[in-house]
file my_file_5.pdb (PDB, C-alpha atoms, pLDDT in the B column)
ATOM      1  CA  MET A   1      18.600  79.517 -49.847  1.00 52.00           C
ATOM      2  CA  SER A   2      21.748  77.500 -50.552  1.00 73.00           C
ATOM      3  CA  ASN A   3      22.312  74.123 -48.935  1.00 76.00           C
ATOM      4  CA  LEU A   4      25.334  75.495 -47.075  1.00 73.00           C
ATOM      5  CA  ILE A   5      23.330  78.262 -45.398  1.00 79.00           C
ATOM      6  CA  LYS A   6      20.531  75.827 -44.569  1.00 79.00           C
ATOM      7  CA  THR A   7      23.045  73.425 -43.046  1.00 84.00           C
ATOM      8  CA  VAL A   8      24.670  76.116 -40.898  1.00 82.00           C
ATOM      9  CA  LEU A   9      21.336  77.536 -39.705  1.00 85.00           C
ATOM     10  CA  PHE A  10      19.978  74.102 -38.857  1.00 84.00           C
ATOM     11  CA  LEU A  11      23.140  73.173 -36.948  1.00 84.00           C
ATOM     12  CA  MET A  12      22.957  76.415 -34.977  1.00 86.00           C
ATOM     13  CA  ALA A  13      19.337  75.688 -34.072  1.00 86.00           C
ATOM     14  CA  SER A  14      20.248  72.095 -33.236  1.00 82.00           C
ATOM     15  CA  ALA A  15      23.105  73.214 -30.994  1.00 81.00           C
ATOM     16  CA  PHE A  16      20.775  75.570 -29.122  1.00 79.00           C
ATOM     17  CA  LEU A  17      18.173  72.853 -28.571  1.00 75.00           C
ATOM     18  CA  THR A  18      20.615  70.130 -27.542  1.00 77.00           C
ATOM     19  CA  HIS A  19      22.177  72.481 -24.994  1.00 76.00           C
ATOM     20  CA  LEU A  20      18.793  72.540 -23.249  1.00 74.00           C
ATOM     21  CA  ILE A  21      18.873  68.762 -22.733  1.00 78.00           C
ATOM     22  CA  PRO A  22      20.114  67.709 -19.259  1.00 78.00           C
ATOM     23  CA  PHE A  23      23.549  66.055 -19.150  1.00 77.00           C
ATOM     24  CA  ASN A  24      24.279  66.897 -22.807  1.00 85.00           C
ATOM     25  CA  HIS A  25      27.769  67.958 -21.657  1.00 88.00           C
ATOM     26  CA  PHE A  26      28.553  64.329 -20.850  1.00 92.00           C
ATOM     27  CA  PHE A  27      27.741  63.050 -24.336  1.00 93.00           C
ATOM     28  CA  ARG A  28      29.799  65.669 -26.181  1.00 92.00           C
ATOM     29  CA  SER A  29      32.949  63.695 -25.406  1.00 95.00           C
ATOM     30  CA  LEU A  30      31.756  61.175 -28.017  1.00 97.00           C
ATOM     31  CA  ASN A  31      33.270  63.295 -30.776  1.00 96.00           C
ATOM     32  CA  THR A  32      36.576  63.505 -28.898  1.00 97.00           C
ATOM     33  CA  MET A  33      36.659  59.732 -28.466  1.00 98.00           C
ATOM     34  CA  ILE A  34      36.088  59.134 -32.173  1.00 98.00           C
ATOM     35  CA  HIS A  35      38.624  61.825 -33.107  1.00 98.00           C
ATOM     36  CA  GLU A  36      41.418  60.401 -30.948  1.00 98.00           C
ATOM     37  CA  PHE A  37      40.530  56.814 -31.838  1.00 98.00           C
ATOM     38  CA  ALA A  38      41.017  57.709 -35.515  1.00 98.00           C
ATOM     39  CA  HIS A  39      44.480  59.115 -34.762  1.00 97.00           C
ATOM     40  CA  ALA A  40      45.398  55.924 -32.921  1.00 97.00           C
ATOM     41  CA  ILE A  41      44.137  53.544 -35.610  1.00 97.00           C
ATOM     42  CA  MET A  42      45.903  55.483 -38.374  1.00 97.00           C
ATOM     43  CA  THR A  43      49.116  55.434 -36.338  1.00 96.00           C
ATOM     44  CA  LEU A  44      48.916  51.659 -35.985  1.00 96.00           C
ATOM     45  CA  ALA A  45      48.061  51.260 -39.675  1.00 95.00           C
ATOM     46  CA  LEU A  46      51.273  53.117 -40.545  1.00 94.00           C
ATOM     47  CA  SER A  47      53.381  50.924 -38.223  1.00 90.00           C
ATOM     48  CA  GLY A  48      53.600  53.559 -35.509  1.00 94.00           C
ATOM     49  CA  HIS A  49      53.265  53.008 -31.781  1.00 95.00           C
ATOM     50  CA  VAL A  50      50.388  54.420 -29.727  1.00 96.00           C
ATOM     51  CA  MET A  51      51.467  55.045 -26.156  1.00 96.00           C
ATOM     52  CA  PHE A  52      48.126  56.250 -24.772  1.00 97.00           C
ATOM     53  CA  ILE A  53      45.161  58.574 -25.212  1.00 98.00           C
ATOM     54  CA  GLU A  54      43.837  61.112 -22.747  1.00 98.00           C
ATOM     55  CA  LEU A  55      40.261  62.414 -22.784  1.00 97.00           C
ATOM     56  CA  TYR A  56      39.442  65.538 -20.781  1.00 97.00           C
ATOM     57  CA  ALA A  57      36.290  66.941 -19.220  1.00 94.00           C
ATOM     58  CA  ASN A  58      36.400  70.036 -21.471  1.00 93.00           C
ATOM     59  CA  HIS A  59      35.863  67.771 -24.526  1.00 92.00           C
ATOM     60  CA  SER A  60      39.471  67.972 -25.636  1.00 94.00           C
ATOM     61  CA  GLY A  61      41.840  65.056 -25.977  1.00 96.00           C
ATOM     62  CA  VAL A  62      45.314  64.062 -27.060  1.00 96.00           C
ATOM     63  CA  THR A  63      46.934  60.968 -28.536  1.00 96.00           C
ATOM     64  CA  TYR A  64      50.549  60.287 -27.585  1.00 96.00           C
ATOM     65  CA  SER A  65      52.315  58.215 -30.209  1.00 94.00           C
ATOM     66  CA  GLN A  66      55.625  57.457 -31.849  1.00 93.00           C
ATOM     67  CA  ILE A  67      56.008  57.310 -35.616  1.00 89.00           C
ATOM     68  CA  SER A  68      58.823  55.926 -37.694  1.00 80.00           C
ATOM     69  CA  SER A  69      58.745  58.436 -40.575  1.00 79.00           C
ATOM     70  CA  GLY A  70      57.939  62.113 -40.897  1.00 80.00           C
ATOM     71  CA  TRP A  71      55.544  61.734 -43.820  1.00 89.00           C
ATOM     72  CA  SER A  72      53.196  59.556 -41.752  1.00 93.00           C
ATOM     73  CA  LEU A  73      52.382  62.655 -39.676  1.00 94.00           C
ATOM     74  CA  ILE A  74      50.206  63.858 -42.553  1.00 96.00           C
ATOM     75  CA  PRO A  75      47.642  61.017 -42.707  1.00 96.00           C
ATOM     76  CA  ILE A  76      47.675  60.676 -38.919  1.00 97.00           C
ATOM     77  CA  SER A  77      46.912  64.382 -38.453  1.00 96.00           C
ATOM     78  CA  LEU A  78      44.265  64.257 -41.178  1.00 97.00           C
ATOM     79  CA  ALA A  79      42.497  61.282 -39.615  1.00 97.00           C
ATOM     80  CA  GLY A  80      40.992  62.950 -36.529  1.00 97.00           C
ATOM     81  CA  TYR A  81      38.713  65.642 -37.941  1.00 97.00           C
ATOM     82  CA  THR A  82      37.916  63.873 -41.193  1.00 98.00           C
ATOM     83  CA  PHE A  83      36.981  60.563 -39.571  1.00 98.00           C
ATOM     84  CA  ALA A  84      34.850  62.315 -36.951  1.00 98.00           C
ATOM     85  CA  SER A  85      32.874  64.027 -39.714  1.00 97.00           C
ATOM     86  CA  LEU A  86      32.515  60.782 -41.651  1.00 98.00           C
ATOM     87  CA  PHE A  87      31.430  58.943 -38.515  1.00 98.00           C
ATOM     88  CA  ALA A  88      28.663  61.493 -37.944  1.00 97.00           C
ATOM     89  CA  TRP A  89      27.543  60.849 -41.516  1.00 98.00           C
ATOM     90  CA  PHE A  90      27.602  57.099 -40.827  1.00 98.00           C
ATOM     91  CA  MET A  91      25.369  57.578 -37.784  1.00 98.00           C
ATOM     92  CA  PHE A  92      22.714  59.347 -39.848  1.00 97.00           C
ATOM     93  CA  TYR A  93      23.083  56.778 -42.627  1.00 97.00           C
ATOM     94  CA  ALA A  94      22.442  53.970 -40.142  1.00 97.00           C
ATOM     95  CA  ARG A  95      19.352  55.782 -38.881  1.00 96.00           C
ATOM     96  CA  ALA A  96      18.070  56.323 -42.414  1.00 96.00           C
ATOM     97  CA  LYS A  97      18.327  52.561 -42.963  1.00 96.00           C
ATOM     98  CA  GLY A  98      16.520  51.814 -39.713  1.00 95.00           C
ATOM     99  CA  LYS A  99      19.694  50.388 -38.167  1.00 96.00           C
ATOM    100  CA  GLU A 100      20.019  52.512 -35.045  1.00 97.00           C
ATOM    101  CA  ARG A 101      20.837  49.397 -33.044  1.00 97.00           C
ATOM    102  CA  LEU A 102      23.812  48.619 -35.306  1.00 97.00           C
ATOM    103  CA  GLY A 103      24.979  52.219 -35.060  1.00 97.00           C
ATOM    104  CA  LEU A 104      24.822  52.163 -31.277  1.00 98.00           C
ATOM    105  CA  GLN A 105      26.633  48.822 -31.185  1.00 98.00           C
ATOM    106  CA  THR A 106      29.394  50.305 -33.356  1.00 98.00           C
ATOM    107  CA  ILE A 107      29.780  53.303 -31.037  1.00 98.00           C
ATOM    108  CA  THR A 108      29.920  51.001 -28.024  1.00 98.00           C
ATOM    109  CA  LEU A 109      32.560  48.805 -29.666  1.00 98.00           C
ATOM    110  CA  VAL A 110      34.764  51.846 -30.360  1.00 98.00           C
ATOM    111  CA  ALA A 111      34.363  52.923 -26.727  1.00 98.00           C
ATOM    112  CA  ILE A 112      35.329  49.461 -25.449  1.00 98.00           C
ATOM    113  CA  LEU A 113      38.385  49.299 -27.715  1.00 98.00           C
ATOM    114  CA  SER A 114      39.423  52.781 -26.626  1.00 98.00           C
ATOM    115  CA  LEU A 115      39.065  51.789 -22.983  1.00 98.00           C
ATOM    116  CA  VAL A 116      40.975  48.528 -23.306  1.00 98.00           C
ATOM    117  CA  LEU A 117      43.720  49.606 -25.701  1.00 97.00           C
ATOM    118  CA  PHE A 118      44.355  53.323 -25.489  1.00 98.00           C
ATOM    119  CA  VAL A 119      42.826  55.595 -22.840  1.00 98.00           C
ATOM    120  CA  ARG A 120      44.799  55.822 -19.591  1.00 96.00           C
ATOM    121  CA  ASN A 121      43.866  59.020 -17.736  1.00 97.00           C
ATOM    122  CA  GLU A 122      41.342  58.925 -14.892  1.00 97.00           C
ATOM    123  CA  TYR A 123      38.621  61.080 -16.437  1.00 97.00           C
ATOM    124  CA  GLY A 124      38.852  59.262 -19.772  1.00 98.00           C
ATOM    125  CA  ILE A 125      38.566  55.835 -18.136  1.00 98.00           C
ATOM    126  CA  MET A 126      35.615  56.839 -15.962  1.00 98.00           C
ATOM    127  CA  TRP A 127      33.824  58.502 -18.867  1.00 98.00           C
ATOM    128  CA  LEU A 128      34.261  55.458 -21.103  1.00 98.00           C
ATOM    129  CA  ILE A 129      33.044  53.065 -18.414  1.00 98.00           C
ATOM    130  CA  GLY A 130      29.939  55.182 -17.802  1.00 97.00           C
ATOM    131  CA  PHE A 131      29.279  55.614 -21.524  1.00 98.00           C
ATOM    132  CA  VAL A 132      29.652  51.889 -22.271  1.00 98.00           C
ATOM    133  CA  LEU A 133      27.367  50.898 -19.382  1.00 98.00           C
ATOM    134  CA  LEU A 134      24.725  53.400 -20.470  1.00 97.00           C
ATOM    135  CA  ASN A 135      24.833  52.098 -24.031  1.00 98.00           C
ATOM    136  CA  ILE A 136      24.487  48.506 -22.832  1.00 97.00           C
ATOM    137  CA  VAL A 137      21.402  49.499 -20.842  1.00 97.00           C
ATOM    138  CA  MET A 138      19.990  51.225 -23.918  1.00 97.00           C
ATOM    139  CA  LEU A 139      20.656  48.181 -26.095  1.00 97.00           C
ATOM    140  CA  ALA A 140      19.416  45.527 -23.679  1.00 97.00           C
ATOM    141  CA  PHE A 141      16.691  46.980 -21.484  1.00 97.00           C
ATOM    142  CA  VAL A 142      15.197  50.131 -22.990  1.00 96.00           C
ATOM    143  CA  PRO A 143      12.195  50.206 -25.374  1.00 97.00           C
ATOM    144  CA  ARG A 144      13.086  50.762 -29.011  1.00 96.00           C
ATOM    145  CA  LEU A 145      11.459  54.197 -29.212  1.00 95.00           C
ATOM    146  CA  LEU A 146      13.543  55.546 -26.335  1.00 96.00           C
ATOM    147  CA  ARG A 147      16.702  53.863 -27.615  1.00 97.00           C
ATOM    148  CA  ASP A 148      16.227  55.364 -31.065  1.00 96.00           C
ATOM    149  CA  GLY A 149      15.691  58.801 -29.508  1.00 94.00           C
ATOM    150  CA  TYR A 150      18.911  58.391 -27.541  1.00 95.00           C
ATOM    151  CA  TYR A 151      20.722  57.412 -30.744  1.00 97.00           C
ATOM    152  CA  LEU A 152      19.351  60.461 -32.553  1.00 95.00           C
ATOM    153  CA  LEU A 153      20.610  62.694 -29.746  1.00 94.00           C
ATOM    154  CA  LEU A 154      24.090  61.177 -30.034  1.00 96.00           C
ATOM    155  CA  SER A 155      23.972  61.636 -33.813  1.00 96.00           C
ATOM    156  CA  PHE A 156      23.194  65.337 -33.607  1.00 95.00           C
ATOM    157  CA  LEU A 157      25.735  65.955 -30.854  1.00 95.00           C
ATOM    158  CA  MET A 158      28.361  64.149 -32.924  1.00 96.00           C
ATOM    159  CA  LEU A 159      27.485  66.220 -35.988  1.00 95.00           C
ATOM    160  CA  GLU A 160      27.507  69.509 -34.096  1.00 95.00           C
ATOM    161  CA  GLU A 161      30.858  68.834 -32.462  1.00 95.00           C
ATOM    162  CA  ALA A 162      32.381  67.751 -35.768  1.00 95.00           C
ATOM    163  CA  VAL A 163      31.399  71.025 -37.462  1.00 95.00           C
ATOM    164  CA  PHE A 164      31.900  73.493 -34.627  1.00 94.00           C
ATOM    165  CA  GLY A 165      35.106  71.775 -33.527  1.00 94.00           C
ATOM    166  CA  SER A 166      36.538  72.258 -37.010  1.00 96.00           C
ATOM    167  CA  PHE A 167      35.379  75.866 -37.087  1.00 94.00           C
ATOM    168  CA  SER A 168      36.993  76.568 -33.714  1.00 95.00           C
ATOM    169  CA  LEU A 169      40.233  75.314 -35.240  1.00 95.00           C
ATOM    170  CA  VAL A 170      39.968  78.147 -37.774  1.00 96.00           C
ATOM    171  CA  LEU A 171      39.779  80.661 -34.916  1.00 95.00           C
ATOM    172  CA  TYR A 172      42.768  79.083 -33.180  1.00 94.00           C
ATOM    173  CA  ALA A 173      44.760  79.141 -36.415  1.00 96.00           C
ATOM    174  CA  MET A 174      43.957  82.818 -36.929  1.00 95.00           C
ATOM    175  CA  GLN A 175      44.934  83.785 -33.376  1.00 95.00           C
ATOM    176  CA  ASP A 176      47.962  81.533 -32.933  1.00 95.00           C
ATOM    177  CA  PRO A 177      48.930  79.204 -35.819  1.00 92.00           C
ATOM    178  CA  ALA A 178      51.339  77.356 -33.531  1.00 92.00           C
ATOM    179  CA  ALA A 179      48.504  76.290 -31.213  1.00 90.00           C
ATOM    180  CA  ALA A 180      46.030  74.914 -33.759  1.00 93.00           C
ATOM    181  CA  GLY A 181      46.482  71.218 -33.002  1.00 93.00           C
ATOM    182  CA  ASP A 182      46.248  68.979 -36.047  1.00 96.00           C
ATOM    183  CA  ALA A 183      46.318  71.975 -38.385  1.00 97.00           C
ATOM    184  CA  THR A 184      49.648  73.028 -36.869  1.00 96.00           C
ATOM    185  CA  ASN A 185      51.073  69.521 -37.320  1.00 94.00           C
ATOM    186  CA  LEU A 186      49.992  69.500 -40.951  1.00 96.00           C
ATOM    187  CA  ALA A 187      51.451  72.963 -41.532  1.00 96.00           C
ATOM    188  CA  GLN A 188      54.797  71.762 -40.202  1.00 93.00           C
ATOM    189  CA  ALA A 189      54.742  68.747 -42.534  1.00 93.00           C
ATOM    190  CA  THR A 190      53.515  70.581 -45.652  1.00 94.00           C
ATOM    191  CA  LEU A 191      53.697  73.965 -47.351  1.00 91.00           C
ATOM    192  CA  ILE A 192      50.070  74.750 -46.467  1.00 95.00           C
ATOM    193  CA  PRO A 193      49.602  77.060 -43.447  1.00 97.00           C
ATOM    194  CA  ALA A 194      47.588  75.987 -40.410  1.00 97.00           C
ATOM    195  CA  LEU A 195      44.703  78.266 -41.381  1.00 97.00           C
ATOM    196  CA  GLY A 196      44.427  76.527 -44.745  1.00 97.00           C
ATOM    197  CA  TRP A 197      44.158  73.114 -43.109  1.00 97.00           C
ATOM    198  CA  ALA A 198      41.640  74.409 -40.569  1.00 97.00           C
ATOM    199  CA  ILE A 199      39.471  75.755 -43.392  1.00 97.00           C
ATOM    200  CA  PHE A 200      39.752  72.397 -45.171  1.00 97.00           C
ATOM    201  CA  PHE A 201      38.538  70.550 -42.068  1.00 98.00           C
ATOM    202  CA  THR A 202      35.630  72.975 -41.709  1.00 97.00           C
ATOM    203  CA  VAL A 203      34.551  72.695 -45.338  1.00 96.00           C
ATOM    204  CA  PHE A 204      34.785  68.897 -45.194  1.00 97.00           C
ATOM    205  CA  SER A 205      32.723  68.769 -41.996  1.00 97.00           C
ATOM    206  CA  LEU A 206      30.050  70.981 -43.553  1.00 95.00           C
ATOM    207  CA  TRP A 207      29.969  68.751 -46.630  1.00 96.00           C
ATOM    208  CA  CYS A 208      29.425  65.690 -44.422  1.00 97.00           C
ATOM    209  CA  ALA A 209      26.845  67.603 -42.378  1.00 96.00           C
ATOM    210  CA  SER A 210      24.821  68.565 -45.446  1.00 95.00           C
ATOM    211  CA  ARG A 211      24.639  64.916 -46.513  1.00 96.00           C
ATOM    212  CA  SER A 212      23.802  63.833 -42.989  1.00 96.00           C
ATOM    213  CA  LEU A 213      20.908  66.290 -42.808  1.00 95.00           C
ATOM    214  CA  ARG A 214      19.713  65.184 -46.225  1.00 94.00           C
ATOM    215  CA  LEU A 215      19.467  61.665 -44.818  1.00 95.00           C
ATOM    216  CA  PHE A 216      17.676  62.983 -41.724  1.00 94.00           C
ATOM    217  CA  PHE A 217      15.060  64.928 -43.656  1.00 92.00           C
ATOM    218  CA  GLY A 218      14.699  62.080 -46.126  1.00 89.00           C
ATOM    219  CA  GLY A 219      13.173  59.986 -43.373  1.00 72.00           C
ATOM    220  CA  ARG A 220      13.896  56.490 -42.191  1.00 70.00           C
ATOM    221  CA  LYS A 221      13.596  53.297 -44.130  1.00 66.00           C
ATOM    222  CA  PRO A 222      10.942  51.174 -42.434  1.00 62.00           C
ATOM    223  CA  ARG A 223      12.190  48.051 -40.718  1.00 59.00           C
ATOM    224  CA  LYS A 224      11.447  44.829 -42.489  1.00 56.00           C
ATOM    225  CA  SER A 225       8.999  42.752 -40.559  1.00 48.00           C
ATOM    226  CA  ARG A 226       8.922  39.024 -40.856  1.00 47.00           C
ATOM    227  CA  ASP A 227       5.736  37.636 -42.262  1.00 44.00           C
ATOM    228  CA  HIS A 228       4.717  34.694 -40.119  1.00 43.00           C
ATOM    229  CA  THR A 229       1.450  34.032 -41.944  1.00 41.00           C
ATOM    230  CA  ARG A 230       1.092  30.783 -43.812  1.00 41.00           C
ATOM    231  CA  ALA A 231      -0.582  30.386 -47.105  1.00 37.00           C
ATOM    232  CA  PHE A 232      -4.061  28.878 -46.694  1.00 37.00           C
ATOM    233  CA  GLN A 233      -4.528  25.704 -48.598  1.00 41.00           C
ATOM    234  CA  PRO A 234      -8.216  24.907 -48.932  1.00 41.00           C
ATOM    235  CA  ARG A 235      -9.299  21.299 -48.586  1.00 42.00           C
ATOM    236  CA  TYR A 236     -12.103  19.943 -50.606  1.00 36.00           C
ATOM    237  CA  GLU A 237     -13.868  16.842 -49.449  1.00 40.00           C
ATOM    238  CA  GLU A 238     -15.982  14.798 -51.755  1.00 37.00           C
TER     239      GLU A 238
END
call {"tool": "encode", "arguments": {"input": "my_file_5.pdb", "output": "structure tokens"}}
result
Amino acid sequence: MSNLIKTVLFLMASAFLTHLIPFNHFFRSLNTMIHEFAHAIMTLALSGHVMFIELYANHSGVTYSQISSGWSLIPISLAGYTFASLFAWFMFYARAKGKERLGLQTITLVAILSLVLFVRNEYGIMWLIGFVLLNIVMLAFVPRLLRDGYYLLLSFLMLEEAVFGSFSLVLYAMQDPAAAGDATNLAQATLIPALGWAIFFTVFSLWCASRSLRLFFGGRKPRKSRDHTRAFQPRYEE
């Protein structure tokens, strides 16, 4: 069985299982936050102006910005889906290295920056506040085993949303190319149709997912423990 088929089947099974977990709906906005944050950071990197971001309860979001040149629309539109897929890969990489705490700190930092700098609608603000507070509790007060389980849940939800979100873009592009979000923006700025860009995002997300799952099945690198023992120096008395 090819790696692609294995990846798709495992993600489908993962999506079914994570849907059984209470409150999983709340955590699925993580992918949206990362997606819109990537748009905002790329806009700023290209000397554009980010007015604000809105996050919605249905896991969608939008970044309102002003750009100085038409060509900058291409990297800005590319940033959302590609960075979300890469971030999911990063989360599994951190776990494989035994650095779940660092991964969770990184997610929390992105949420805080989004809250302070970009997000302005009521649902988005309330979601970010709740998410940040929950992460702080996990980092400061929860046993490591439970915290690492929470991080693994976030990792799989992030991976699932990255892949299935890209695939849903293919369906939107097939039904109405003018309503396919980032793929539509890229089609307007290039000669490639929206469906082509949607397929690109999907293939890229699956490539990142296959590497993420390889890290997951490869196991975790054990944490280094400090050796507090001292060498015994025998004393001989004459």
call {"tool": "closest_residue", "arguments": {"input": "my_file_5.pdb", "among": "A:Pro143, A:Phe52, A:Val170, A:Trp207", "to": "Val116 (chain A)", "atoms": "only C-alpha atoms"}}
result
A:Phe52
call {"tool": "atom_distance", "arguments": {"input": "my_file_5.pdb", "atom1": "CA of Phe87 (chain A)", "atom2": "CA of Gln105 (chain A)"}}
result
13.4 Å
call {"tool": "resolve_selection", "arguments": {"input": "my_file_5.pdb", "expression": "the PyMOL selection byres ((chain A and resi 160) around 12)", "output": "number ranges by chain"}}
result
A: 7-19, 27-31, 84-85, 88-89, 153-159, 161-168, 202, 205-206, 208-210, 212-213
call {"tool": "write_last_selection", "arguments": {"input": "my_file_5.pdb", "atoms": "C-alpha atoms", "output": "CSV table (one decimal), in the coordinates of the input"}}
result
chain,number,residue,atom,x,y,z
A,7,THR,CA,23.0,73.4,-43.0
A,8,VAL,CA,24.7,76.1,-40.9
A,9,LEU,CA,21.3,77.5,-39.7
A,10,PHE,CA,20.0,74.1,-38.9
A,11,LEU,CA,23.1,73.2,-36.9
A,12,MET,CA,23.0,76.4,-35.0
A,13,ALA,CA,19.3,75.7,-34.1
A,14,SER,CA,20.2,72.1,-33.2
A,15,ALA,CA,23.1,73.2,-31.0
A,16,PHE,CA,20.8,75.6,-29.1
A,17,LEU,CA,18.2,72.9,-28.6
A,18,THR,CA,20.6,70.1,-27.5
A,19,HIS,CA,22.2,72.5,-25.0
A,27,PHE,CA,27.7,63.0,-24.3
A,28,ARG,CA,29.8,65.7,-26.2
A,29,SER,CA,32.9,63.7,-25.4
A,30,LEU,CA,31.8,61.2,-28.0
A,31,ASN,CA,33.3,63.3,-30.8
A,84,ALA,CA,34.8,62.3,-37.0
A,85,SER,CA,32.9,64.0,-39.7
A,88,ALA,CA,28.7,61.5,-37.9
A,89,TRP,CA,27.5,60.8,-41.5
A,153,LEU,CA,20.6,62.7,-29.7
A,154,LEU,CA,24.1,61.2,-30.0
A,155,SER,CA,24.0,61.6,-33.8
A,156,PHE,CA,23.2,65.3,-33.6
A,157,LEU,CA,25.7,66.0,-30.9
A,158,MET,CA,28.4,64.1,-32.9
A,159,LEU,CA,27.5,66.2,-36.0
A,161,GLU,CA,30.9,68.8,-32.5
A,162,ALA,CA,32.4,67.8,-35.8
A,163,VAL,CA,31.4,71.0,-37.5
A,164,PHE,CA,31.9,73.5,-34.6
A,165,GLY,CA,35.1,71.8,-33.5
A,166,SER,CA,36.5,72.3,-37.0
A,167,PHE,CA,35.4,75.9,-37.1
A,168,SER,CA,37.0,76.6,-33.7
A,202,THR,CA,35.6,73.0,-41.7
A,205,SER,CA,32.7,68.8,-42.0
A,206,LEU,CA,30.0,71.0,-43.6
A,208,CYS,CA,29.4,65.7,-44.4
A,209,ALA,CA,26.8,67.6,-42.4
A,210,SER,CA,24.8,68.6,-45.4
A,212,SER,CA,23.8,63.8,-43.0
A,213,LEU,CA,20.9,66.3,-42.8
call {"tool": "closest_residue", "arguments": {"input": "my_file_5.pdb", "among": "A:Gln66, A:Phe141, A:Arg211, A:Ile125", "to": "Asn3 (chain A)", "atoms": "all atoms listed in the file"}}
result
A:Arg211
call {"tool": "residues_around", "arguments": {"input": "my_file_5.pdb", "residues": "region 60-64 of chain A", "least_positions_apart": "6", "cutoff": "7 Å", "atoms": "all atoms listed in the file", "output": "JSON list (two decimals) with C-alpha atoms, in the coordinates of the input"}}
result
[["chain", "number", "residue", "atom", "x", "y", "z"],
["A", 32, "THR", "CA", 36.58, 63.50, -28.90],
["A", 36, "GLU", "CA", 41.42, 60.40, -30.95],
["A", 39, "HIS", "CA", 44.48, 59.12, -34.76],
["A", 40, "ALA", "CA", 45.40, 55.92, -32.92],
["A", 50, "VAL", "CA", 50.39, 54.42, -29.73],
["A", 51, "MET", "CA", 51.47, 55.04, -26.16],
["A", 52, "PHE", "CA", 48.13, 56.25, -24.77],
["A", 53, "ILE", "CA", 45.16, 58.57, -25.21],
["A", 54, "GLU", "CA", 43.84, 61.11, -22.75]]
call {"tool": "closest_residue", "arguments": {"input": "my_file_5.pdb", "among": "A:Leu146, A:Ala140, A:Leu191, A:Leu55", "to": "Phe37 (chain A)", "atoms": "all atoms listed in the file"}}
result
A:Leu55
call {"tool": "atom_distance", "arguments": {"input": "my_file_5.pdb", "atom1": "CA of Ile107 (chain A)", "atom2": "CA of Ile129 (chain A)"}}
result
13.0 Å
call {"tool": "atom_distance", "arguments": {"input": "my_file_5.pdb", "atom1": "CA of Trp197 (chain A)", "atom2": "CA of Ile5 (chain A)"}}
result
21.6 Å
call {"tool": "residues_near_point", "arguments": {"input": "my_file_5.pdb", "point": "(57.4, 60.7, -43.1)", "cutoff": "12 Å", "atoms": "all atoms listed in the file", "output": "MDAnalysis selection string"}}
result
chainID A and resid 43 46:48 66:76 186 188:190
call {"tool": "residues_near_point", "arguments": {"input": "my_file_5.pdb", "point": "(51.8, 76.7, -34.8)", "cutoff": "12 Å", "atoms": "all atoms listed in the file", "output": "PDB file with C-alpha atoms, keeping the file's coordinate frame"}}
result
ATOM      1  CA  LEU A 169      40.233  75.314 -35.240  1.00 95.00           C
ATOM      2  CA  TYR A 172      42.768  79.083 -33.180  1.00 94.00           C
ATOM      3  CA  ALA A 173      44.760  79.141 -36.415  1.00 96.00           C
ATOM      4  CA  MET A 174      43.957  82.818 -36.929  1.00 95.00           C
ATOM      5  CA  GLN A 175      44.934  83.785 -33.376  1.00 95.00           C
ATOM      6  CA  ASP A 176      47.962  81.533 -32.933  1.00 95.00           C
ATOM      7  CA  PRO A 177      48.930  79.204 -35.819  1.00 92.00           C
ATOM      8  CA  ALA A 178      51.339  77.356 -33.531  1.00 92.00           C
ATOM      9  CA  ALA A 179      48.504  76.290 -31.213  1.00 90.00           C
ATOM     10  CA  ALA A 180      46.030  74.914 -33.759  1.00 93.00           C
ATOM     11  CA  GLY A 181      46.482  71.218 -33.002  1.00 93.00           C
ATOM     12  CA  ASP A 182      46.248  68.979 -36.047  1.00 96.00           C
ATOM     13  CA  ALA A 183      46.318  71.975 -38.385  1.00 97.00           C
ATOM     14  CA  THR A 184      49.648  73.028 -36.869  1.00 96.00           C
ATOM     15  CA  ASN A 185      51.073  69.521 -37.320  1.00 94.00           C
ATOM     16  CA  LEU A 186      49.992  69.500 -40.951  1.00 96.00           C
ATOM     17  CA  ALA A 187      51.451  72.963 -41.532  1.00 96.00           C
ATOM     18  CA  GLN A 188      54.797  71.762 -40.202  1.00 93.00           C
ATOM     19  CA  ALA A 189      54.742  68.747 -42.534  1.00 93.00           C
ATOM     20  CA  ILE A 192      50.070  74.750 -46.467  1.00 95.00           C
ATOM     21  CA  PRO A 193      49.602  77.060 -43.447  1.00 97.00           C
ATOM     22  CA  ALA A 194      47.588  75.987 -40.410  1.00 97.00           C
ATOM     23  CA  LEU A 195      44.703  78.266 -41.381  1.00 97.00           C
ATOM     24  CA  TRP A 197      44.158  73.114 -43.109  1.00 97.00           C
ATOM     25  CA  ALA A 198      41.640  74.409 -40.569  1.00 97.00           C
TER      26      ALA A 198
END
call {"tool": "closest_residue", "arguments": {"input": "my_file_5.pdb", "among": "A:Ala57, A:Leu104, A:Leu44, A:Leu4", "to": "Gly149 (chain A)", "atoms": "only C-alpha atoms"}}
result
A:Leu104
call {"tool": "axis_aligned_box", "arguments": {"input": "my_file_5.pdb", "around": "region 55-63 of chain A", "padding_each_side": "3 Å", "output": "AutoDock Vina command-line options"}}
result
--center_x 41.4 --center_y 65.5 --center_z -23.9 --size_x 17.1 --size_y 15.1 --size_z 15.3
call {"tool": "closest_residue", "arguments": {"input": "my_file_5.pdb", "among": "A:Phe92, A:Ile136, A:Ile199, A:Met42", "to": "Leu78 (chain A)", "atoms": "only C-alpha atoms"}}
result
A:Met42
call {"tool": "closest_residue", "arguments": {"input": "my_file_5.pdb", "among": "A:Gly196, A:Pro22, A:Gly98, A:Gly219", "to": "Arg144 (chain A)", "atoms": "all atoms listed in the file"}}
result
A:Gly98
call {"tool": "residues_around", "arguments": {"input": "my_file_5.pdb", "residues": "Ala111 (chain A)", "least_positions_apart": "2", "cutoff": "8 Å", "atoms": "all atoms listed in the file", "output": "ChimeraX atom specification"}}
result
/A:33,107-109,113-115,128,131-132
